[in-house]
$ cat target.txt   # compact mmCIF, C-alpha atoms
# COMPACT_ATOMS: atom_id res chain seq x y z
CA MET A 1 10.78 56.21 -16.66
CA LYS A 2 7.71 54.10 -16.09
CA TYR A 3 8.02 50.44 -17.01
CA ASN A 4 5.43 48.94 -19.26
CA ILE A 5 3.22 46.35 -17.57
CA LEU A 6 4.06 43.92 -20.33
CA GLU A 7 7.27 42.43 -18.98
CA VAL A 8 7.49 39.57 -21.47
CA SER A 9 6.96 40.49 -25.10
CA ALA A 10 3.81 39.40 -26.92
CA ILE A 11 3.81 36.56 -29.43
CA LYS A 12 2.10 36.39 -32.79
CA ASP A 13 0.99 32.78 -32.82
CA GLY A 14 1.36 30.18 -30.13
CA THR A 15 0.49 29.41 -26.53
CA VAL A 16 0.85 31.38 -23.34
CA ILE A 17 0.79 29.42 -20.12
CA ASP A 18 -0.07 31.77 -17.29
CA HIS A 19 -0.60 31.39 -13.55
CA ILE A 20 2.13 28.86 -12.97
CA PRO A 21 3.29 28.94 -9.33
CA ALA A 22 6.73 30.58 -9.50
CA GLY A 23 8.40 27.72 -7.65
CA ASN A 24 7.18 25.17 -10.15
CA LEU A 25 8.22 26.85 -13.39
CA PHE A 26 11.05 24.45 -14.02
CA LYS A 27 8.88 21.46 -13.19
CA VAL A 28 6.42 22.60 -15.87
CA ILE A 29 9.27 23.00 -18.35
CA ASN A 30 10.39 19.53 -17.41
CA ILE A 31 7.00 17.86 -17.70
CA LEU A 32 6.30 19.40 -21.10
CA HIS A 33 9.78 18.47 -22.35
CA LEU A 34 10.32 22.07 -23.42
CA GLU A 35 14.07 21.48 -23.52
CA ASN A 36 13.49 19.57 -26.75
CA ILE A 37 11.48 22.27 -28.49
CA GLU A 38 13.29 24.31 -31.12
CA ASN A 39 10.72 27.11 -31.29
CA THR A 40 11.22 30.39 -29.51
CA ILE A 41 10.28 30.16 -25.86
CA THR A 42 10.23 33.03 -23.41
CA PHE A 43 9.57 32.52 -19.79
CA GLY A 44 9.54 34.71 -16.78
CA THR A 45 9.05 34.08 -13.14
CA ASN A 46 8.40 35.82 -9.83
CA PHE A 47 5.78 38.14 -11.31
CA LYS A 48 3.36 39.50 -8.75
CA SER A 49 0.09 37.62 -8.64
CA ALA A 50 -2.90 38.34 -6.44
CA LYS A 51 -3.85 34.69 -6.51
CA LEU A 52 -0.52 32.90 -6.28
CA GLY A 53 1.74 35.45 -4.63
CA LYS A 54 4.41 34.92 -7.24
CA LYS A 55 3.71 33.43 -10.61
CA ALA A 56 5.54 32.37 -13.72
CA ILE A 57 4.58 32.64 -17.40
CA ILE A 58 5.76 30.68 -20.41
CA LYS A 59 5.21 31.89 -23.97
CA LEU A 60 5.75 29.46 -26.78
CA THR A 61 5.85 30.61 -30.38
CA ASN A 62 3.98 28.34 -32.80
CA VAL A 63 3.46 25.64 -30.21
CA PHE A 64 -0.01 24.25 -29.57
CA PHE A 65 -0.67 21.50 -27.04
CA LYS A 66 -3.15 18.68 -27.02
CA ASP A 67 -5.41 18.64 -23.93
CA ASN A 68 -3.94 15.36 -22.73
CA ASP A 69 -0.43 16.76 -22.88
CA ILE A 70 -1.25 19.98 -21.15
CA ASN A 71 -3.24 18.35 -18.35
CA ARG A 72 0.01 16.74 -17.22
CA ILE A 73 1.09 20.08 -15.79
CA ALA A 74 -2.01 20.18 -13.62
CA LEU A 75 0.04 18.27 -11.07
CA VAL A 76 2.42 21.16 -10.50
CA ALA A 77 0.35 24.07 -11.77
CA PRO A 78 -3.28 23.25 -10.99
CA GLU A 79 -4.44 26.82 -11.61
CA ALA A 80 -2.58 27.37 -14.86
CA LYS A 81 -4.44 29.05 -17.69
CA LEU A 82 -3.65 28.70 -21.35
CA ASN A 83 -4.18 31.39 -23.90
CA ILE A 84 -4.07 30.27 -27.50
CA ILE A 85 -2.81 33.13 -29.61
CA ARG A 86 -3.43 33.68 -33.30
CA ASP A 87 -2.21 36.86 -34.90
CA TYR A 88 -1.56 38.53 -31.51
CA LYS A 89 -5.12 37.84 -30.35
CA VAL A 90 -6.30 35.40 -27.73
CA VAL A 91 -8.56 33.11 -29.72
CA GLU A 92 -9.11 30.52 -27.03
CA LYS A 93 -8.66 30.20 -23.27
CA LYS A 94 -8.19 26.87 -21.57
CA ILE A 95 -7.79 25.85 -17.98
CA VAL A 96 -5.90 22.75 -17.02
CA GLU A 97 -7.75 20.00 -15.24
CA VAL A 98 -6.31 17.69 -12.65
CA PRO A 99 -7.05 14.23 -14.06
CA ASP A 100 -8.37 11.36 -11.89
CA GLU A 101 -5.57 9.12 -12.94
CA ILE A 102 -2.23 9.57 -14.62
CA GLN A 103 -0.05 7.11 -16.43
CA GLY A 104 3.63 7.58 -17.08
CA ILE A 105 4.98 11.14 -16.53
CA VAL A 106 5.66 10.86 -12.82
CA LYS A 107 8.03 8.57 -10.96
CA CYS A 108 6.91 6.86 -7.79
CA VAL A 109 8.68 8.38 -4.80
CA ASN A 110 9.03 5.01 -3.06
CA PRO A 111 12.56 3.70 -3.71
CA LYS A 112 11.32 0.15 -3.11
CA CYS A 113 8.49 0.36 -5.65
CA ILE A 114 8.63 -2.18 -8.47
CA THR A 115 8.21 0.66 -10.99
CA ASN A 116 11.67 1.93 -10.04
CA PHE A 117 13.23 -1.44 -10.88
CA GLU A 118 11.41 -2.84 -13.89
CA LYS A 119 10.18 -1.32 -17.10
CA VAL A 120 6.68 -0.61 -15.84
CA THR A 121 4.58 2.37 -16.90
CA THR A 122 3.77 4.16 -13.67
CA LYS A 123 0.14 4.66 -12.81
CA PHE A 124 -1.38 6.79 -10.08
CA THR A 125 -4.79 7.78 -8.89
CA ILE A 126 -4.98 11.34 -7.68
CA VAL A 127 -6.35 11.03 -4.19
CA ASP A 128 -6.15 14.73 -3.36
CA LYS A 129 -6.65 17.12 -6.24
CA LYS A 130 -6.10 20.27 -4.17
CA LYS A 131 -2.85 19.34 -2.48
CA ILE A 132 -1.92 16.97 -5.31
CA LYS A 133 -1.33 13.61 -3.74
CA LEU A 134 -0.78 10.66 -6.02
CA LYS A 135 -1.34 7.10 -4.90
CA CYS A 136 0.75 4.56 -6.73
CA HIS A 137 -1.35 1.87 -8.36
CA PHE A 138 1.38 -0.67 -7.61
CA CYS A 139 2.97 -0.01 -4.21
CA GLU A 140 0.04 2.06 -2.85
CA LYS A 141 2.38 4.71 -1.45
CA ILE A 142 1.64 8.42 -1.76
CA THR A 143 3.80 10.71 -3.87
CA ASP A 144 3.09 14.32 -2.98
CA LEU A 145 3.74 17.55 -4.77
CA GLU A 146 7.24 18.23 -3.42
CA ASN A 147 8.41 14.83 -4.58
CA ILE A 148 7.05 14.78 -8.10
CA LYS A 149 9.75 13.85 -10.58
CA ARG A 150 9.41 13.06 -14.23
CA VAL A 151 9.90 9.48 -15.42
CA MET B 1 -13.69 -14.38 -6.05
CA LYS B 2 -13.16 -16.96 -8.79
CA ASN B 3 -10.04 -16.21 -10.84
CA ARG B 4 -9.51 -12.94 -8.97
CA SER B 5 -6.04 -12.25 -7.68
CA LEU B 6 -5.68 -11.30 -4.03
CA VAL B 7 -3.08 -8.56 -3.91
CA SER B 8 -4.39 -6.09 -1.38
CA ILE B 9 -6.90 -6.55 1.43
CA THR B 10 -9.06 -3.84 -0.13
CA ASP B 11 -9.40 -5.91 -3.34
CA TYR B 12 -12.03 -7.92 -1.50
CA SER B 13 -15.25 -6.75 0.10
CA LYS B 14 -16.69 -7.40 3.54
CA ALA B 15 -18.89 -10.09 1.98
CA ASP B 16 -15.77 -11.72 0.50
CA TYR B 17 -14.02 -11.70 3.90
CA LEU B 18 -17.02 -13.37 5.52
CA ARG B 19 -17.25 -15.96 2.77
CA ILE B 20 -13.55 -16.81 3.22
CA LEU B 21 -14.01 -17.12 6.99
CA ASP B 22 -17.00 -19.43 6.54
CA ILE B 23 -15.10 -21.69 4.17
CA ALA B 24 -12.06 -21.63 6.49
CA GLU B 25 -14.32 -22.91 9.24
CA GLU B 26 -15.26 -25.85 7.02
CA PHE B 27 -11.58 -26.59 6.52
CA GLU B 28 -10.96 -26.40 10.23
CA LYS B 29 -13.49 -29.21 10.65
CA LYS B 30 -12.08 -31.21 7.76
CA SER B 31 -8.72 -29.95 6.59
CA TYR B 32 -7.74 -32.80 4.27
CA GLN B 33 -9.95 -32.55 1.18
CA ASN B 34 -8.74 -33.66 -2.22
CA LEU B 35 -10.11 -30.61 -4.04
CA LEU B 36 -6.97 -29.83 -5.99
CA ASN B 37 -6.51 -33.47 -7.00
CA GLY B 38 -2.96 -33.24 -8.30
CA LYS B 39 -3.29 -29.73 -9.74
CA VAL B 40 0.00 -27.81 -9.83
CA LEU B 41 0.34 -24.53 -7.90
CA ALA B 42 3.43 -22.35 -7.67
CA THR B 43 4.96 -20.72 -4.61
CA LEU B 44 7.51 -18.14 -5.69
CA PHE B 45 9.41 -16.77 -2.71
CA PHE B 46 11.87 -14.18 -3.95
CA GLU B 47 12.56 -13.43 -0.33
CA PRO B 48 12.77 -16.02 2.42
CA SER B 49 9.82 -16.55 4.73
CA THR B 50 9.50 -19.71 6.72
CA ARG B 51 6.06 -19.44 8.23
CA THR B 52 4.14 -18.03 5.32
CA ARG B 53 5.62 -20.39 2.74
CA LEU B 54 5.17 -23.50 4.87
CA SER B 55 1.63 -22.46 5.72
CA PHE B 56 0.75 -22.08 2.03
CA GLU B 57 2.46 -25.33 1.11
CA SER B 58 0.69 -27.13 3.92
CA ALA B 59 -2.62 -25.70 2.69
CA ILE B 60 -1.93 -26.85 -0.89
CA ASN B 61 -0.79 -30.31 0.21
CA ARG B 62 -3.84 -30.79 2.41
CA LEU B 63 -5.96 -30.02 -0.65
CA GLY B 64 -4.13 -32.70 -2.64
CA GLY B 65 -2.27 -30.25 -4.88
CA LYS B 66 1.33 -30.30 -6.03
CA VAL B 67 3.69 -27.43 -5.36
CA ILE B 68 6.40 -26.10 -7.63
CA GLY B 69 8.50 -23.07 -6.86
CA PHE B 70 11.43 -21.77 -4.92
CA SER B 71 12.11 -20.44 -1.47
CA ASP B 72 15.14 -18.36 -2.31
CA ALA B 73 15.60 -16.30 -5.46
CA ASN B 74 19.36 -16.95 -5.36
CA THR B 75 18.85 -20.39 -6.85
CA THR B 76 16.85 -19.07 -9.83
CA SER B 77 17.41 -17.18 -13.08
CA VAL B 78 16.75 -13.99 -11.15
CA THR B 79 20.48 -14.09 -10.37
CA LYS B 80 21.10 -14.08 -14.14
CA GLY B 81 19.16 -10.84 -14.32
CA GLU B 82 15.79 -12.21 -15.34
CA THR B 83 13.03 -9.68 -14.86
CA LEU B 84 9.96 -10.34 -12.75
CA TYR B 85 7.97 -9.86 -15.94
CA ASP B 86 9.68 -12.81 -17.62
CA THR B 87 9.55 -15.05 -14.54
CA ILE B 88 5.81 -14.50 -14.14
CA LYS B 89 5.11 -14.94 -17.88
CA VAL B 90 6.87 -18.30 -17.77
CA VAL B 91 5.58 -19.63 -14.46
CA SER B 92 1.99 -18.73 -15.32
CA ASN B 93 2.29 -21.37 -18.06
CA PHE B 94 3.24 -23.99 -15.48
CA ALA B 95 0.75 -23.55 -12.65
CA GLU B 96 -2.94 -22.90 -11.97
CA LEU B 97 -2.20 -20.23 -9.40
CA ILE B 98 0.86 -18.36 -8.15
CA VAL B 99 1.58 -17.54 -4.53
CA MET B 100 4.26 -14.91 -4.47
CA ARG B 101 6.43 -13.05 -1.99
CA HIS B 102 8.78 -10.39 -3.24
CA PRO B 103 10.87 -7.72 -1.51
CA LEU B 104 9.71 -4.93 -3.83
CA GLU B 105 6.47 -3.09 -3.12
CA GLY B 106 3.88 -3.27 -5.87
CA SER B 107 5.50 -6.38 -7.35
CA SER B 108 2.43 -8.44 -6.66
CA ARG B 109 0.00 -6.01 -8.34
CA TYR B 110 2.36 -5.87 -11.31
CA ALA B 111 2.55 -9.67 -11.47
CA SER B 112 -1.24 -9.94 -11.32
CA GLU B 113 -1.46 -7.79 -14.44
CA ILE B 114 1.06 -9.92 -16.35
CA SER B 115 0.03 -13.37 -15.22
CA ARG B 116 -2.47 -15.60 -17.02
CA VAL B 117 -3.36 -17.19 -13.70
CA PRO B 118 -4.43 -15.59 -10.40
CA ILE B 119 -1.80 -14.30 -7.99
CA ILE B 120 -2.00 -14.50 -4.21
CA ASN B 121 0.21 -11.90 -2.59
CA ALA B 122 2.19 -13.46 0.25
CA GLY B 123 3.88 -10.14 1.03
CA ASP B 124 5.28 -7.42 -1.22
CA GLY B 125 7.90 -5.56 0.79
CA ALA B 126 6.30 -3.41 3.46
CA ASN B 127 3.13 -3.01 1.42
CA GLN B 128 0.51 -5.76 1.72
CA HIS B 129 0.12 -9.24 3.14
CA PRO B 130 -3.61 -9.88 2.81
CA THR B 131 -3.69 -13.56 3.80
CA GLN B 132 -2.18 -12.55 7.17
CA THR B 133 -5.03 -10.09 7.63
CA LEU B 134 -7.63 -12.73 6.78
CA LEU B 135 -6.14 -15.18 9.24
CA ASP B 136 -6.12 -12.42 11.85
CA LEU B 137 -9.83 -11.84 11.17
CA TYR B 138 -10.46 -15.55 11.44
CA SER B 139 -8.61 -15.73 14.76
CA ILE B 140 -10.53 -12.75 16.11
CA LYS B 141 -13.87 -14.16 15.03
CA LYS B 142 -13.06 -17.57 16.43
CA THR B 143 -11.98 -16.26 19.83
CA GLN B 144 -14.61 -13.53 20.21
CA GLY B 145 -17.51 -15.18 18.41
CA THR B 146 -17.97 -12.03 16.32
CA LEU B 147 -16.09 -9.35 14.42
CA GLU B 148 -18.55 -6.58 15.22
CA ASN B 149 -17.89 -3.70 17.62
CA LEU B 150 -14.75 -5.03 19.27
CA LYS B 151 -12.12 -3.07 21.19
CA ILE B 152 -8.84 -3.67 19.42
CA PHE B 153 -5.53 -2.65 21.02
CA MET B 154 -2.60 -2.41 18.63
CA VAL B 155 0.79 -2.24 20.29
CA GLY B 156 4.36 -1.57 19.15
CA ASP B 157 5.43 -0.48 15.69
CA LEU B 158 2.27 1.03 14.26
CA LYS B 159 4.11 3.15 11.72
CA TYR B 160 5.82 0.56 9.57
CA GLY B 161 3.85 -2.55 10.49
CA ARG B 162 1.93 -3.57 7.40
CA THR B 163 -0.11 -6.13 9.34
CA VAL B 164 -1.65 -3.52 11.63
CA HIS B 165 -2.49 -1.27 8.69
CA SER B 166 -4.25 -3.98 6.72
CA LEU B 167 -6.03 -5.26 9.83
CA LEU B 168 -7.24 -1.75 10.59
CA MET B 169 -8.63 -1.42 7.06
CA ALA B 170 -10.40 -4.77 7.29
CA LEU B 171 -11.79 -4.24 10.81
CA SER B 172 -13.07 -0.80 9.87
CA GLU B 173 -15.86 -2.70 8.08
CA PHE B 174 -17.01 -4.11 11.41
CA GLY B 175 -17.30 -1.03 13.60
CA ALA B 176 -14.24 -1.62 15.77
CA THR B 177 -12.84 0.85 18.30
CA PHE B 178 -9.07 1.12 18.14
CA TYR B 179 -6.48 1.83 20.81
CA PHE B 180 -3.01 2.57 19.51
CA ILE B 181 -0.11 2.10 21.91
CA SER B 182 3.28 2.99 20.51
CA PRO B 183 6.37 5.11 21.02
CA ASP B 184 6.17 8.59 19.46
CA GLU B 185 8.48 7.61 16.61
CA LEU B 186 6.27 4.70 15.59
CA LYS B 187 2.76 6.15 15.79
CA MET B 188 -0.07 5.13 13.51
CA PRO B 189 0.28 7.22 10.34
CA THR B 190 -2.16 10.09 9.84
CA GLU B 191 -3.61 8.61 6.66
CA TYR B 192 -5.02 5.66 8.63
CA LYS B 193 -6.40 7.89 11.37
CA MET B 194 -8.04 10.05 8.72
CA TYR B 195 -9.48 6.93 7.19
CA LEU B 196 -11.03 5.96 10.54
CA ASP B 197 -12.39 9.50 10.90
CA SER B 198 -14.01 9.19 7.49
CA CYS B 199 -15.62 5.91 8.61
CA GLY B 200 -16.86 7.58 11.81
CA LEU B 201 -14.88 5.12 13.95
CA LYS B 202 -13.32 5.98 17.29
CA TYR B 203 -9.67 5.55 18.11
CA TYR B 204 -7.44 6.49 21.02
CA GLU B 205 -3.70 7.00 21.07
CA LEU B 206 -1.99 5.94 24.26
CA LYS B 207 1.64 6.16 25.18
CA ASP B 208 1.91 3.50 27.84
CA LEU B 209 1.08 -0.14 27.99
CA ASP B 210 -0.81 -0.19 31.29
CA ASP B 211 -4.15 -1.22 32.80
CA SER B 212 -6.02 0.51 29.97
CA ILE B 213 -5.74 -2.92 28.34
CA ASN B 214 -8.36 -4.18 30.77
CA GLN B 215 -10.99 -3.06 28.28
CA ALA B 216 -9.43 -4.95 25.39
CA ASP B 217 -11.07 -7.74 23.43
CA ILE B 218 -7.94 -8.24 21.34
CA ILE B 219 -4.37 -7.10 21.92
CA TYR B 220 -2.47 -7.20 18.67
CA MET B 221 1.26 -7.08 19.41
CA THR B 222 3.96 -6.20 16.89
CA ARG B 223 7.72 -6.22 16.91
CA VAL B 224 9.57 -2.97 17.56
CA GLN B 225 12.64 -3.11 15.36
CA LYS B 226 15.84 -1.34 16.27
CA GLU B 227 16.48 -0.15 12.72
CA ARG B 228 13.23 1.88 12.80
CA PHE B 229 14.70 4.33 15.28
CA SER B 230 16.70 7.32 14.17
CA ASP B 231 18.06 7.67 17.69
CA PRO B 232 19.55 4.50 19.24
CA ILE B 233 19.18 5.95 22.75
CA GLU B 234 15.48 6.35 22.14
CA TYR B 235 15.34 2.69 21.13
CA GLU B 236 17.05 1.55 24.31
CA ARG B 237 14.62 3.66 26.30
CA THR B 238 11.50 2.32 24.63
CA LYS B 239 12.30 -1.30 23.79
CA ASN B 240 11.17 -2.56 27.16
CA ALA B 241 8.21 -0.24 27.49
CA TYR B 242 6.08 -2.22 25.06
CA VAL B 243 6.55 -5.70 26.42
CA LEU B 244 3.47 -7.66 27.41
CA LYS B 245 4.07 -9.36 30.76
CA ARG B 246 2.00 -11.65 32.91
CA ASP B 247 1.43 -9.07 35.66
CA LEU B 248 -0.30 -6.80 33.14
CA MET B 249 -2.92 -9.53 32.70
CA ASN B 250 -4.41 -9.22 36.19
CA GLY B 251 -7.45 -7.19 35.24
CA VAL B 252 -8.06 -8.18 31.64
CA LYS B 253 -11.28 -9.71 30.32
CA ASP B 254 -11.41 -13.51 30.47
CA THR B 255 -12.18 -13.58 26.77
CA MET B 256 -9.32 -11.26 25.81
CA ARG B 257 -6.78 -12.84 23.45
CA VAL B 258 -3.29 -11.74 22.46
CA LEU B 259 -2.40 -12.00 18.78
CA HIS B 260 0.95 -11.51 17.10
CA PRO B 261 1.85 -11.97 13.43
CA LEU B 262 5.20 -13.46 14.53
CA PRO B 263 8.19 -13.64 14.58
CA ARG B 264 8.31 -12.47 18.15
CA VAL B 265 11.47 -11.15 19.76
CA ASN B 266 10.86 -10.02 23.33
CA GLU B 267 7.61 -8.07 23.08
CA ILE B 268 5.55 -10.87 24.61
CA ASP B 269 7.13 -12.40 27.67
CA THR B 270 7.40 -16.19 27.17
CA GLU B 271 5.79 -16.73 30.58
CA LEU B 272 2.56 -15.62 28.93
CA ASP B 273 2.69 -18.46 26.41
CA ASP B 274 0.83 -20.98 28.56
CA SER B 275 -1.73 -18.46 29.81
CA PRO B 276 -5.28 -18.64 28.45
CA TYR B 277 -4.75 -15.25 26.79
CA ALA B 278 -1.98 -16.35 24.45
CA TYR B 279 -3.35 -17.12 21.03
CA TYR B 280 -0.41 -16.43 18.71
CA PHE B 281 0.48 -20.06 18.06
CA GLU B 282 -3.11 -21.15 17.36
CA GLN B 283 -3.25 -18.11 15.09
CA THR B 284 -0.65 -19.72 12.82
CA GLU B 285 -2.68 -22.91 12.58
CA ASN B 286 -5.70 -20.86 11.53
CA GLY B 287 -3.54 -19.53 8.73
CA VAL B 288 -3.57 -22.91 7.02
CA PHE B 289 -7.39 -23.14 7.03
CA VAL B 290 -7.75 -19.59 5.80
CA ARG B 291 -5.26 -20.16 2.98
CA GLN B 292 -7.08 -23.36 2.02
CA ALA B 293 -10.26 -21.32 1.82
CA ILE B 294 -8.69 -18.56 -0.28
CA ILE B 295 -7.07 -21.00 -2.72
CA SER B 296 -10.21 -23.05 -3.21
CA LEU B 297 -12.40 -19.96 -3.66
CA ILE B 298 -10.04 -18.42 -6.22
CA LEU B 299 -9.87 -21.67 -8.15
CA GLY B 300 -13.66 -22.00 -8.03
CA LEU B 301 -13.56 -25.24 -6.05
CA LYS B 302 -15.88 -23.98 -3.30

$ encode --input "target.txt" --output "structure tokens"
Amino acid sequence: MKYNILEVSAIKDGTVIDHIPAGNLFKVINILHLENIENTITFGTNFKSAKLGKKAIIKLTNVFFKDNDINRIALVAPEAKLNIIRDYKVVEKKIVEVPDEIQGIVKCVNPKCITNFEKVTTKFTIVDKKKIKLKCHFCEKITDLENIKRV
Amino acid sequence: MKNRSLVSITDYSKADYLRILDIAEEFEKKSYQNLLNGKVLATLFFEPSTRTRLSFESAINRLGGKVIGFSDANTTSVTKGETLYDTIKVVSNFAELIVMRHPLEGSSRYASEISRVPIINAGDGANQHPTQTLLDLYSIKKTQGTLENLKIFMVGDLKYGRTVHSLLMALSEFGATFYFISPDELKMPTEYKMYLDSCGLKYYELKDLDDSINQADIIYMTRVQKERFSDPIEYERTKNAYVLKRDLMNGVKDTMRVLHPLPRVNEIDTELDDSPYAYYFEQTENGVFVRQAIISLILGLK
């Protein structure tokens, strides 16, 4: 029997996040706080992708993100694409953009940074948008992609 | 510079550096000037530091100011669990300016965003110590007559040494050529070398401290600390390889000077101290003039 190409079932209304690097699926889930969402979520990973090698997809029923919220995932999935679905049809496509600066979201990797001791909102400038390197506004140390953890 | 905190050396421009050095020169000629006239300044040392604190306090006293503060956080409400936020909020009601040293990195930037009065960073962990950099610049300018196009040798711990990193950033504005001499484990980090590349400046990495130093205008020595080595055998092997001794001085330029941020352990042989090349003690005196200049510029008194 030949498998259908559609490995994750379609949704009626909601958001599909495609082109997530397979290794970062759980980071995306983490950053978007999907563990707190009660709606139906399907996700799959290690799909073949010409661009990424292996990719992951998340489908969220009746969930729609604000641009600011979704751009947070740019750190771990810079090439992610969003399809906004209404009545089984893609009504809008969005790409995430790596912002110049991010506040909150990410913890500074430096264990001696003040932000890991006091109640300070973290702040980073993104000094390398391709490789994703964040420079802490406070301690000036670089947090890179492998070390990104949510606040 | 008026009312602007000095947290990181890159907060100030080349023009600012030169202005500070000019004013410091005025203070060198006449150090006691009653510009602060009884004004109250705070020195908050959450971590002990003899030289830096005394240098700041000397600078404030020579300007006729009064100092409040502490030299050890153990005698303060920090031990009761007070946050840095609260300490800075309170002290900024008591003083016109806060000089602060703290073991955590980024603490000074954070304080500058909370405080009603300007902050001078006197060291935040391994991050920044900009007044040291400015006094290094002053010492280099004073001994070489210029800051432009010098050959700067940096020796020792180039990986963790915050003074060499900040000095490199500052000197990159003046077209310096750098020579890095360090053990493999303590090499200048790539980010700084990339920065020099982006400025179009030349640098060389050398493994041995030898007669290559004959070209040097400045040799900037740093302490190689045992705890930086993952392998103690490697430390034993290298600790004596980066010691500046008198016999290495045979072919150096007459105008060459040796700087060191101090404290020194054994990396400069004491027999060098009375040679014309030793400048590390004068360097500390320059620190007072430079800090006088920074304080009076931030408070708008110059």

$ residues_around --input "target.txt" --residues "Leu60 of chain A" --least-positions-apart "4" --cutoff "6 Å" --atoms "only C-alpha atoms" --output "MDAnalysis selection string"
chainID A and resid 14:15 41

$ write_last_selection --input "target.txt" --atoms "C-alpha atoms" --output "short mmCIF file (atom, residue, chain, number, x, y, z; two decimals), keeping the file's coordinate frame"
data_model
loop_
_atom_site.label_atom_id
_atom_site.label_comp_id
_atom_site.auth_asym_id
_atom_site.auth_seq_id
_atom_site.Cartn_x
_atom_site.Cartn_y
_atom_site.Cartn_z
CA GLY A 14 1.36 30.18 -30.13
CA THR A 15 0.49 29.41 -26.53
CA ILE A 41 10.28 30.16 -25.86
#

$ atom_distance --input "target.txt" --atom1 "atom CA of Leu137 of chain B" --atom2 "atom CA of Leu18 of chain B"
9.3 Å

$ interface_residues --input "target.txt" --of "chain B" --to "chain A" --cutoff "6 Å" --atoms "all atoms listed in the file" --output "NGL selection string"
:B and (104-107 or 109)

$ residues_around --input "target.txt" --residues "segment 245-249 of chain B" --least-positions-apart "6" --cutoff "10 Å" --atoms "all atoms listed in the file" --output "ChimeraX atom specification"
/B:209-214,256,267-273,275,277

$ residues_around --input "target.txt" --residues "Ser166 of chain B" --least-positions-apart "6" --cutoff "9 Å" --atoms "all atoms listed in the file" --output "ChimeraX atom specification"
/B:8-10,128-130,132-133

$ atom_distance --input "target.txt" --atom1 "atom CA of Arg4 of chain B" --atom2 "atom CA of Ile119 of chain B"
7.9 Å

$ residues_around --input "target.txt" --residues "Leu201 of chain B" --least-positions-apart "2" --cutoff "9 Å" --atoms "all atoms listed in the file" --output "list in words"
Ser172, Gly175, Ala176, Thr177, Phe178, Tyr195, Leu196, Asp197, Ser198, Cys199 and Tyr203 of chain B

$ residues_around --input "target.txt" --residues "Asp13 of chain A" --least-positions-apart "2" --cutoff "12 Å" --atoms "all atoms listed in the file" --output "CSV table (one decimal) with C-alpha atoms, in the frame of the given file"
chain,number,residue,atom,x,y,z
A,10,ALA,CA,3.8,39.4,-26.9
A,11,ILE,CA,3.8,36.6,-29.4
A,15,THR,CA,0.5,29.4,-26.5
A,16,VAL,CA,0.8,31.4,-23.3
A,39,ASN,CA,10.7,27.1,-31.3
A,40,THR,CA,11.2,30.4,-29.5
A,41,ILE,CA,10.3,30.2,-25.9
A,59,LYS,CA,5.2,31.9,-24.0
A,60,LEU,CA,5.8,29.5,-26.8
A,61,THR,CA,5.8,30.6,-30.4
A,62,ASN,CA,4.0,28.3,-32.8
A,63,VAL,CA,3.5,25.6,-30.2
A,64,PHE,CA,0.0,24.2,-29.6
A,83,ASN,CA,-4.2,31.4,-23.9
A,84,ILE,CA,-4.1,30.3,-27.5
A,85,ILE,CA,-2.8,33.1,-29.6
A,86,ARG,CA,-3.4,33.7,-33.3
A,87,ASP,CA,-2.2,36.9,-34.9
A,88,TYR,CA,-1.6,38.5,-31.5
A,89,LYS,CA,-5.1,37.8,-30.4
A,90,VAL,CA,-6.3,35.4,-27.7
A,91,VAL,CA,-8.6,33.1,-29.7
A,92,GLU,CA,-9.1,30.5,-27.0

$ atom_distance --input "target.txt" --atom1 "atom CA of Gln283 of chain B" --atom2 "atom CA of Phe174 of chain B"
20.0 Å

$ closest_residue --input "target.txt" --among "B:Lys239, B:Lys302, B:Lys141, B:His260" --to "Phe153 of chain B" --atoms "all atoms listed in the file"
B:His260

$ closest_residue --input "target.txt" --among "A:Val127, A:Val151, A:Val76, A:Ile105" --to "Lys27 of chain A" --atoms "all atoms listed in the file"
A:Val76

$ axis_aligned_box --input "target.txt" --around "segment 111-122 of chain A" --padding-each-side "5 Å" --output "AutoDock Vina command-line options"
--center_x 8.5 --center_y 0.7 --center_z -10.1 --size_x 19.5 --size_y 17.0 --size_z 24.0

$ closest_residue --input "target.txt" --among "B:Lys39, B:Arg228, B:Lys207, B:Lys30" --to "Leu97 of chain B" --atoms "only C-alpha atoms"
B:Lys39

$ residues_near_point --input "target.txt" --point "(-5.6, 25.1, -20.1)" --cutoff "9 Å" --atoms "only C-alpha atoms" --output "list in words"
Ile17, Asp67, Ile70, Asn71, Ala74, Glu79, Ala80, Lys81, Leu82, Asn83, Lys93, Lys94, Ile95, Val96 and Glu97 of chain A

$ residues_near_point --input "target.txt" --point "(-8.5, -22.5, 9.0)" --cutoff "8 Å" --atoms "all atoms listed in the file" --output "list in words"
Leu21, Ala24, Glu25, Glu26, Phe27, Glu28, Ser31, Leu135, Tyr138, Glu285, Asn286, Gly287, Val288, Phe289, Val290, Arg291, Gln292 and Ala293 of chain B

$ closest_residue --input "target.txt" --among "A:Glu146, A:Ala77, A:His19, A:Glu35" --to "Lys51 of chain A" --atoms "all atoms listed in the file"
A:His19
